[in-house]
Amino acid sequence: MPVARARQDLFDVLAGQREVPEEGLSELSRAAGWPIPDTLQAVVLATPAEAPQLAAALGHALIGNVEGYTCLFVPDPATQTRARLEAALKGRPAAVGHVVPATDTASSLRWARYLLTLAPGRVGPESRPAFVDDHLSALLLLQDESLADALTSRWLGPLEELTPRQSERLEVTLLAWLEGGGAPEAAKLLHVHPQTVRYRLRQIEKLFGPVLRDPRTRFELEMALRSRRLMAHVRSYRARAGRRARAVASSIRPLGVAREARVNGL
């Protein structure tokens, strides 16, 4: 089997796109000249430019494609420090997955791809890669939008009767209080006077009642508040992306329309 084909097949197996028995994996590894390490880390690129050079710089990473994305499996991540990854990926939108055993490589790839869709970044010399390790809690909360919506509906119902402005003000105050542990800490986070926070907290207590004293309820409330803000960010990004795609599509004339326009002197 040609080396290039063996490497592509090996990538597909590690990415979870095809299955082979354990002995088949060993054979692919030998044919590809790419020993499978104990741990791997996925890198997903928004553009394929200079991928071979990047793979060489990252310990001869294994290159492949998944649904239009150019992806790399970086071997022995312990030898690739974060600083080295950031330096190699600087200037390009990319996402770096978490370190996983070779048997779970598809997981690192899946979350890196998902993170890239949430935070694609901008192309330019100052672009930095996004790391899954920096967004673990957010990714956990976003892995099922239906459950995230159910969580917010269950716990944030008392805010639904308020105006959007009132709801937003109490939401940010409640989240700051839950994060900070008290009114003075929340006031610092919000850059307001502690008395302002205490006034809002009295309003929140009237809405939610004694359940705020329950640690489990406070935990789930914080999750619900974070979920709502994350989902708002994701939906806003998707709406902007949709508008950009429609704008691009409307600016491209179909061939027949363009030909007719030329005939009519337009």
# chains A, B, ... in the order shown; residues from 1 in each chain; ligands from 1
$ residues_around --residues "region 92-104 of chain A" --least-positions-apart "6" --cutoff "6 Å" --atoms "only C-alpha atoms" --output "PyMOL selection string"
chain A and resi 38-46+112+116+121+123+127+129-133
$ residues_around --residues "region 159-175 of chain A" --least-positions-apart "5" --cutoff "8 Å" --atoms "only C-alpha atoms" --output "PyMOL selection string"
chain A and resi 186+190+197+200-201+204+207+222+225-226
$ write_last_selection --atoms "N, CA and C atoms" --output "mmCIF file, in the first residue's frame"
data_model
loop_
_atom_site.group_PDB
_atom_site.id
_atom_site.type_symbol
_atom_site.label_atom_id
_atom_site.label_comp_id
_atom_site.auth_asym_id
_atom_site.auth_seq_id
_atom_site.Cartn_x
_atom_site.Cartn_y
_atom_site.Cartn_z
ATOM 1 N N ALA A 186 -19.788 40.817 44.245
ATOM 2 C CA ALA A 186 -20.592 41.028 43.045
ATOM 3 C C ALA A 186 -20.520 42.477 42.585
ATOM 4 N N LEU A 190 -19.415 43.913 38.919
ATOM 5 C CA LEU A 190 -20.349 44.694 38.102
ATOM 6 C C LEU A 190 -19.987 46.174 38.040
ATOM 7 N N VAL A 197 -26.314 46.291 44.557
ATOM 8 C CA VAL A 197 -26.396 44.837 44.459
ATOM 9 C C VAL A 197 -27.368 44.299 45.501
ATOM 10 N N ARG A 200 -30.933 44.804 44.368
ATOM 11 C CA ARG A 200 -31.303 43.841 43.325
ATOM 12 C C ARG A 200 -31.469 42.441 43.899
ATOM 13 N N LEU A 201 -30.612 42.073 44.870
ATOM 14 C CA LEU A 201 -30.718 40.741 45.468
ATOM 15 C C LEU A 201 -32.038 40.569 46.217
ATOM 16 N N ILE A 204 -34.451 39.705 43.655
ATOM 17 C CA ILE A 204 -34.230 38.316 43.229
ATOM 18 C C ILE A 204 -34.807 37.344 44.253
ATOM 19 N N LEU A 207 -38.448 36.955 43.856
ATOM 20 C CA LEU A 207 -38.814 36.182 42.674
ATOM 21 C C LEU A 207 -38.584 34.684 42.875
ATOM 22 N N GLU A 222 -26.598 28.811 38.448
ATOM 23 C CA GLU A 222 -25.402 29.325 37.768
ATOM 24 C C GLU A 222 -25.237 28.652 36.407
ATOM 25 N N LEU A 225 -27.825 30.192 34.049
ATOM 26 C CA LEU A 225 -27.457 31.541 33.626
ATOM 27 C C LEU A 225 -26.329 31.510 32.606
ATOM 28 N N ARG A 226 -25.340 30.670 32.869
ATOM 29 C CA ARG A 226 -24.228 30.560 31.921
ATOM 30 C C ARG A 226 -24.716 29.974 30.591
#
$ residues_around --residues "Asn65 (chain A)" --least-positions-apart "5" --cutoff "10 Å" --atoms "only C-alpha atoms" --output "mmCIF file with N, CA and C atoms, in the first residue's frame"
data_model
loop_
_atom_site.group_PDB
_atom_site.id
_atom_site.type_symbol
_atom_site.label_atom_id
_atom_site.label_comp_id
_atom_site.auth_asym_id
_atom_site.auth_seq_id
_atom_site.Cartn_x
_atom_site.Cartn_y
_atom_site.Cartn_z
ATOM 1 N N GLN A 8 -3.638 8.275 4.998
ATOM 2 C CA GLN A 8 -5.025 8.731 4.957
ATOM 3 C C GLN A 8 -5.942 7.728 5.639
ATOM 4 N N PHE A 11 -5.436 7.968 9.366
ATOM 5 C CA PHE A 11 -6.124 9.151 9.890
ATOM 6 C C PHE A 11 -7.620 8.873 10.022
ATOM 7 N N ASP A 12 -8.214 8.281 8.989
ATOM 8 C CA ASP A 12 -9.657 8.017 9.015
ATOM 9 C C ASP A 12 -10.042 7.097 10.169
ATOM 10 N N ALA A 15 -9.749 9.045 13.389
ATOM 11 C CA ALA A 15 -10.803 10.062 13.448
ATOM 12 C C ALA A 15 -12.186 9.461 13.642
ATOM 13 N N VAL A 44 -7.459 21.508 14.493
ATOM 14 C CA VAL A 44 -8.345 21.719 13.350
ATOM 15 C C VAL A 44 -8.085 23.102 12.781
ATOM 16 N N LEU A 45 -7.851 23.166 11.469
ATOM 17 C CA LEU A 45 -7.520 24.420 10.799
ATOM 18 C C LEU A 45 -8.725 24.927 10.015
ATOM 19 N N PRO A 48 -6.566 25.280 4.784
ATOM 20 C CA PRO A 48 -5.546 24.248 4.631
ATOM 21 C C PRO A 48 -4.160 24.773 4.295
ATOM 22 N N THR A 70 -9.304 20.782 7.398
ATOM 23 C CA THR A 70 -7.998 20.140 7.447
ATOM 24 C C THR A 70 -7.635 19.939 8.914
ATOM 25 N N CYS A 71 -7.297 18.708 9.270
ATOM 26 C CA CYS A 71 -7.056 18.363 10.674
ATOM 27 C C CYS A 71 -5.704 17.689 10.827
ATOM 28 N N LEU A 72 -5.119 17.858 11.997
ATOM 29 C CA LEU A 72 -3.835 17.246 12.322
ATOM 30 C C LEU A 72 -3.966 16.471 13.618
#
$ atom_distance --atom1 "CA of Arg82 (chain A)" --atom2 "CA of Glu67 (chain A)"
26.4 Å
$ residues_around --residues "region 149-153 of chain A" --least-positions-apart "5" --cutoff "9 Å" --atoms "only C-alpha atoms" --output "count of residues only"
9
$ closest_residue --among "A:Glu22, A:Pro77, A:Ala88, A:Val66" --to "Gln53 (chain A)" --atoms "only C-alpha atoms"
A:Ala88
$ atom_distance --atom1 "CA of Leu139 (chain A)" --atom2 "CA of Arg235 (chain A)"
14.7 Å
$ select_by_dssp --residues "region 87-216 of chain A" --states "alpha helix (DSSP H)" --output "PyMOL selection string"
chain A and resi 87-89+105-118+136-142+145-155+164-180+183-190+194-208+215-216
$ atom_distance --atom1 "CA of Arg18 (chain A)" --atom2 "CA of Ala51 (chain A)"
22.8 Å
$ residues_around --residues "Pro194 (chain A)" --least-positions-apart "4" --cutoff "8 Å" --atoms "only C-alpha atoms" --output "number ranges by chain"
A: 183-184, 186-187, 198
$ write_last_selection --atoms "N, CA and C atoms" --output "compact mmCIF listing (two decimals), in the first residue's frame"
# COMPACT_ATOMS: atom_id res chain seq x y z
N ALA A 183 -22.41 40.17 48.20
CA ALA A 183 -22.74 41.44 47.56
C ALA A 183 -21.50 42.29 47.26
N PRO A 184 -20.55 42.43 48.20
CA PRO A 184 -19.36 43.24 47.88
C PRO A 184 -18.58 42.70 46.68
N ALA A 186 -19.79 40.82 44.24
CA ALA A 186 -20.59 41.03 43.04
C ALA A 186 -20.52 42.48 42.58
N ALA A 187 -20.52 43.40 43.54
CA ALA A 187 -20.43 44.82 43.19
C ALA A 187 -19.13 45.13 42.46
N ARG A 198 -27.31 44.82 46.71
CA ARG A 198 -28.20 44.33 47.77
C ARG A 198 -29.66 44.60 47.41
$ select_by_dssp --residues "region 70-223 of chain A" --states "strand (DSSP E or B)" --output "list of chain:residue names"
A:Thr70, A:Cys71, A:Leu72, A:Phe73, A:Val74, A:Pro75, A:Ala94, A:Ala95, A:Val96, A:Val100, A:Pro101, A:Ala130, A:Phe131
$ write_last_selection --atoms "N, CA and C atoms" --output "PDB file, in the first residue's frame"
ATOM      1  N   THR A  70      -9.304  20.782   7.398  1.00  0.00           N
ATOM      2  CA  THR A  70      -7.998  20.140   7.447  1.00  0.00           C
ATOM      3  C   THR A  70      -7.635  19.939   8.914  1.00  0.00           C
ATOM      4  N   CYS A  71      -7.297  18.708   9.270  1.00  0.00           N
ATOM      5  CA  CYS A  71      -7.056  18.363  10.674  1.00  0.00           C
ATOM      6  C   CYS A  71      -5.704  17.689  10.827  1.00  0.00           C
ATOM      7  N   LEU A  72      -5.119  17.858  11.997  1.00  0.00           N
ATOM      8  CA  LEU A  72      -3.835  17.246  12.322  1.00  0.00           C
ATOM      9  C   LEU A  72      -3.966  16.471  13.618  1.00  0.00           C
ATOM     10  N   PHE A  73      -3.308  15.313  13.667  1.00  0.00           N
ATOM     11  CA  PHE A  73      -3.162  14.591  14.919  1.00  0.00           C
ATOM     12  C   PHE A  73      -1.714  14.750  15.363  1.00  0.00           C
ATOM     13  N   VAL A  74      -1.550  15.463  16.465  1.00  0.00           N
ATOM     14  CA  VAL A  74      -0.207  15.755  16.968  1.00  0.00           C
ATOM     15  C   VAL A  74       0.212  14.639  17.919  1.00  0.00           C
ATOM     16  N   PRO A  75       1.317  13.938  17.627  1.00  0.00           N
ATOM     17  CA  PRO A  75       1.743  12.840  18.507  1.00  0.00           C
ATOM     18  C   PRO A  75       2.477  13.350  19.740  1.00  0.00           C
ATOM     19  N   ALA A  94      -7.590  28.543  14.179  1.00  0.00           N
ATOM     20  CA  ALA A  94      -7.436  27.109  14.441  1.00  0.00           C
ATOM     21  C   ALA A  94      -7.952  26.812  15.834  1.00  0.00           C
ATOM     22  N   ALA A  95      -8.251  25.541  16.078  1.00  0.00           N
ATOM     23  CA  ALA A  95      -8.670  25.091  17.400  1.00  0.00           C
ATOM     24  C   ALA A  95      -7.847  23.866  17.777  1.00  0.00           C
ATOM     25  N   VAL A  96      -7.438  23.806  19.034  1.00  0.00           N
ATOM     26  CA  VAL A  96      -6.604  22.716  19.539  1.00  0.00           C
ATOM     27  C   VAL A  96      -7.414  21.890  20.529  1.00  0.00           C
ATOM     28  N   VAL A 100      -5.720  13.256  24.625  1.00  0.00           N
ATOM     29  CA  VAL A 100      -6.487  12.027  24.866  1.00  0.00           C
ATOM     30  C   VAL A 100      -5.619  10.815  24.561  1.00  0.00           C
ATOM     31  N   PRO A 101      -5.996   9.640  25.096  1.00  0.00           N
ATOM     32  CA  PRO A 101      -5.327   8.404  24.666  1.00  0.00           C
ATOM     33  C   PRO A 101      -5.586   8.177  23.182  1.00  0.00           C
ATOM     34  N   ALA A 130      -7.631  28.719  19.375  1.00  0.00           N
ATOM     35  CA  ALA A 130      -8.496  28.495  20.533  1.00  0.00           C
ATOM     36  C   ALA A 130      -8.202  27.106  21.078  1.00  0.00           C
ATOM     37  N   PHE A 131      -8.112  26.981  22.392  1.00  0.00           N
ATOM     38  CA  PHE A 131      -7.794  25.704  23.034  1.00  0.00           C
ATOM     39  C   PHE A 131      -9.029  25.163  23.763  1.00  0.00           C
TER      40      PHE A 131
END
$ decode --residues "region 200-213 of chain A" --atoms "all heavy atoms" --output "mmCIF file, in the first residue's frame"
data_model
loop_
_atom_site.group_PDB
_atom_site.id
_atom_site.type_symbol
_atom_site.label_atom_id
_atom_site.label_comp_id
_atom_site.auth_asym_id
_atom_site.auth_seq_id
_atom_site.Cartn_x
_atom_site.Cartn_y
_atom_site.Cartn_z
ATOM 1 N N ARG A 200 -30.933 44.804 44.368
ATOM 2 C CA ARG A 200 -31.303 43.841 43.325
ATOM 3 C C ARG A 200 -31.469 42.441 43.899
ATOM 4 O O ARG A 200 -32.361 41.689 43.469
ATOM 5 C CB ARG A 200 -30.246 43.835 42.224
ATOM 6 C CG ARG A 200 -30.154 45.132 41.435
ATOM 7 C CD ARG A 200 -29.059 45.035 40.382
ATOM 8 N NE ARG A 200 -28.845 46.300 39.699
ATOM 9 C CZ ARG A 200 -27.865 46.508 38.807
ATOM 10 N NH1 ARG A 200 -27.024 45.499 38.517
ATOM 11 N NH2 ARG A 200 -27.730 47.674 38.225
ATOM 12 N N LEU A 201 -30.612 42.073 44.870
ATOM 13 C CA LEU A 201 -30.718 40.741 45.468
ATOM 14 C C LEU A 201 -32.038 40.569 46.217
ATOM 15 O O LEU A 201 -32.611 39.469 46.242
ATOM 16 C CB LEU A 201 -29.535 40.483 46.405
ATOM 17 C CG LEU A 201 -28.190 40.220 45.722
ATOM 18 C CD1 LEU A 201 -27.074 40.129 46.761
ATOM 19 C CD2 LEU A 201 -28.250 38.922 44.904
ATOM 20 N N ARG A 202 -32.533 41.659 46.818
ATOM 21 C CA ARG A 202 -33.841 41.576 47.484
ATOM 22 C C ARG A 202 -34.935 41.309 46.453
ATOM 23 O O ARG A 202 -35.873 40.535 46.705
ATOM 24 C CB ARG A 202 -34.116 42.865 48.261
ATOM 25 C CG ARG A 202 -33.312 42.988 49.550
ATOM 26 C CD ARG A 202 -33.859 44.083 50.453
ATOM 27 N NE ARG A 202 -33.653 45.414 49.891
ATOM 28 C CZ ARG A 202 -32.567 46.154 50.075
ATOM 29 N NH1 ARG A 202 -31.561 45.690 50.831
ATOM 30 N NH2 ARG A 202 -32.451 47.350 49.544
ATOM 31 N N GLN A 203 -34.812 41.926 45.288
ATOM 32 C CA GLN A 203 -35.771 41.654 44.209
ATOM 33 C C GLN A 203 -35.679 40.189 43.760
ATOM 34 O O GLN A 203 -36.693 39.536 43.512
ATOM 35 C CB GLN A 203 -35.483 42.574 43.016
ATOM 36 C CG GLN A 203 -35.772 44.043 43.267
ATOM 37 C CD GLN A 203 -35.442 44.879 42.037
ATOM 38 O OE1 GLN A 203 -34.292 45.008 41.644
ATOM 39 N NE2 GLN A 203 -36.474 45.446 41.430
ATOM 40 N N ILE A 204 -34.451 39.705 43.655
ATOM 41 C CA ILE A 204 -34.230 38.316 43.229
ATOM 42 C C ILE A 204 -34.807 37.344 44.253
ATOM 43 O O ILE A 204 -35.439 36.339 43.893
ATOM 44 C CB ILE A 204 -32.730 38.064 43.017
ATOM 45 C CG1 ILE A 204 -32.252 38.840 41.775
ATOM 46 C CG2 ILE A 204 -32.414 36.583 42.875
ATOM 47 C CD1 ILE A 204 -30.741 38.892 41.620
ATOM 48 N N GLU A 205 -34.651 37.645 45.545
ATOM 49 C CA GLU A 205 -35.185 36.777 46.596
ATOM 50 C C GLU A 205 -36.709 36.720 46.544
ATOM 51 O O GLU A 205 -37.312 35.667 46.777
ATOM 52 C CB GLU A 205 -34.716 37.275 47.958
ATOM 53 C CG GLU A 205 -33.235 37.004 48.222
ATOM 54 C CD GLU A 205 -32.761 37.614 49.522
ATOM 55 O OE1 GLU A 205 -33.604 38.219 50.239
ATOM 56 O OE2 GLU A 205 -31.556 37.503 49.819
ATOM 57 N N LYS A 206 -37.336 37.847 46.217
ATOM 58 C CA LYS A 206 -38.801 37.856 46.093
ATOM 59 C C LYS A 206 -39.255 36.977 44.927
ATOM 60 O O LYS A 206 -40.308 36.333 44.994
ATOM 61 C CB LYS A 206 -39.292 39.292 45.894
ATOM 62 C CG LYS A 206 -39.194 40.166 47.132
ATOM 63 C CD LYS A 206 -39.694 41.565 46.837
ATOM 64 C CE LYS A 206 -39.571 42.461 48.074
ATOM 65 N NZ LYS A 206 -40.037 43.851 47.798
ATOM 66 N N LEU A 207 -38.448 36.955 43.856
ATOM 67 C CA LEU A 207 -38.814 36.182 42.674
ATOM 68 C C LEU A 207 -38.584 34.684 42.875
ATOM 69 O O LEU A 207 -39.401 33.856 42.470
ATOM 70 C CB LEU A 207 -38.009 36.666 41.459
ATOM 71 C CG LEU A 207 -38.382 38.040 40.895
ATOM 72 C CD1 LEU A 207 -37.334 38.494 39.881
ATOM 73 C CD2 LEU A 207 -39.757 37.987 40.233
ATOM 74 N N PHE A 208 -37.443 34.341 43.499
ATOM 75 C CA PHE A 208 -37.048 32.928 43.578
ATOM 76 C C PHE A 208 -37.387 32.273 44.907
ATOM 77 O O PHE A 208 -37.451 31.044 44.999
ATOM 78 C CB PHE A 208 -35.544 32.790 43.307
ATOM 79 C CG PHE A 208 -35.172 32.994 41.862
ATOM 80 C CD1 PHE A 208 -34.858 34.246 41.387
ATOM 81 C CD2 PHE A 208 -35.146 31.933 40.979
ATOM 82 C CE1 PHE A 208 -34.522 34.451 40.051
ATOM 83 C CE2 PHE A 208 -34.807 32.109 39.642
ATOM 84 C CZ PHE A 208 -34.500 33.381 39.173
ATOM 85 N N GLY A 209 -37.557 33.068 45.959
ATOM 86 C CA GLY A 209 -37.909 32.501 47.251
ATOM 87 C C GLY A 209 -36.745 31.833 47.969
ATOM 88 O O GLY A 209 -35.571 32.054 47.633
ATOM 89 N N PRO A 210 -37.047 30.967 48.933
ATOM 90 C CA PRO A 210 -36.014 30.372 49.787
ATOM 91 C C PRO A 210 -35.111 29.365 49.075
ATOM 92 O O PRO A 210 -34.117 28.934 49.662
ATOM 93 C CB PRO A 210 -36.828 29.688 50.893
ATOM 94 C CG PRO A 210 -38.165 29.424 50.283
ATOM 95 C CD PRO A 210 -38.403 30.566 49.338
ATOM 96 N N VAL A 211 -35.427 28.979 47.830
ATOM 97 C CA VAL A 211 -34.588 27.985 47.144
ATOM 98 C C VAL A 211 -33.165 28.493 46.941
ATOM 99 O O VAL A 211 -32.230 27.711 46.743
ATOM 100 C CB VAL A 211 -35.190 27.585 45.778
ATOM 101 C CG1 VAL A 211 -36.510 26.882 45.947
ATOM 102 C CG2 VAL A 211 -35.311 28.792 44.861
ATOM 103 N N LEU A 212 -32.977 29.818 47.001
ATOM 104 C CA LEU A 212 -31.640 30.378 46.805
ATOM 105 C C LEU A 212 -30.678 29.973 47.913
ATOM 106 O O LEU A 212 -29.467 30.102 47.750
ATOM 107 C CB LEU A 212 -31.709 31.912 46.737
ATOM 108 C CG LEU A 212 -32.306 32.515 45.462
ATOM 109 C CD1 LEU A 212 -32.417 34.024 45.594
ATOM 110 C CD2 LEU A 212 -31.457 32.144 44.259
ATOM 111 N N ARG A 213 -31.226 29.486 49.024
ATOM 112 C CA ARG A 213 -30.354 29.058 50.123
ATOM 113 C C ARG A 213 -29.863 27.629 49.949
ATOM 114 O O ARG A 213 -29.023 27.161 50.723
ATOM 115 C CB ARG A 213 -31.096 29.210 51.463
ATOM 116 C CG ARG A 213 -31.351 30.660 51.853
ATOM 117 C CD ARG A 213 -31.834 30.769 53.293
ATOM 118 N NE ARG A 213 -33.230 30.344 53.421
ATOM 119 C CZ ARG A 213 -34.272 31.160 53.271
ATOM 120 N NH1 ARG A 213 -34.088 32.434 52.980
ATOM 121 N NH2 ARG A 213 -35.512 30.713 53.424
#
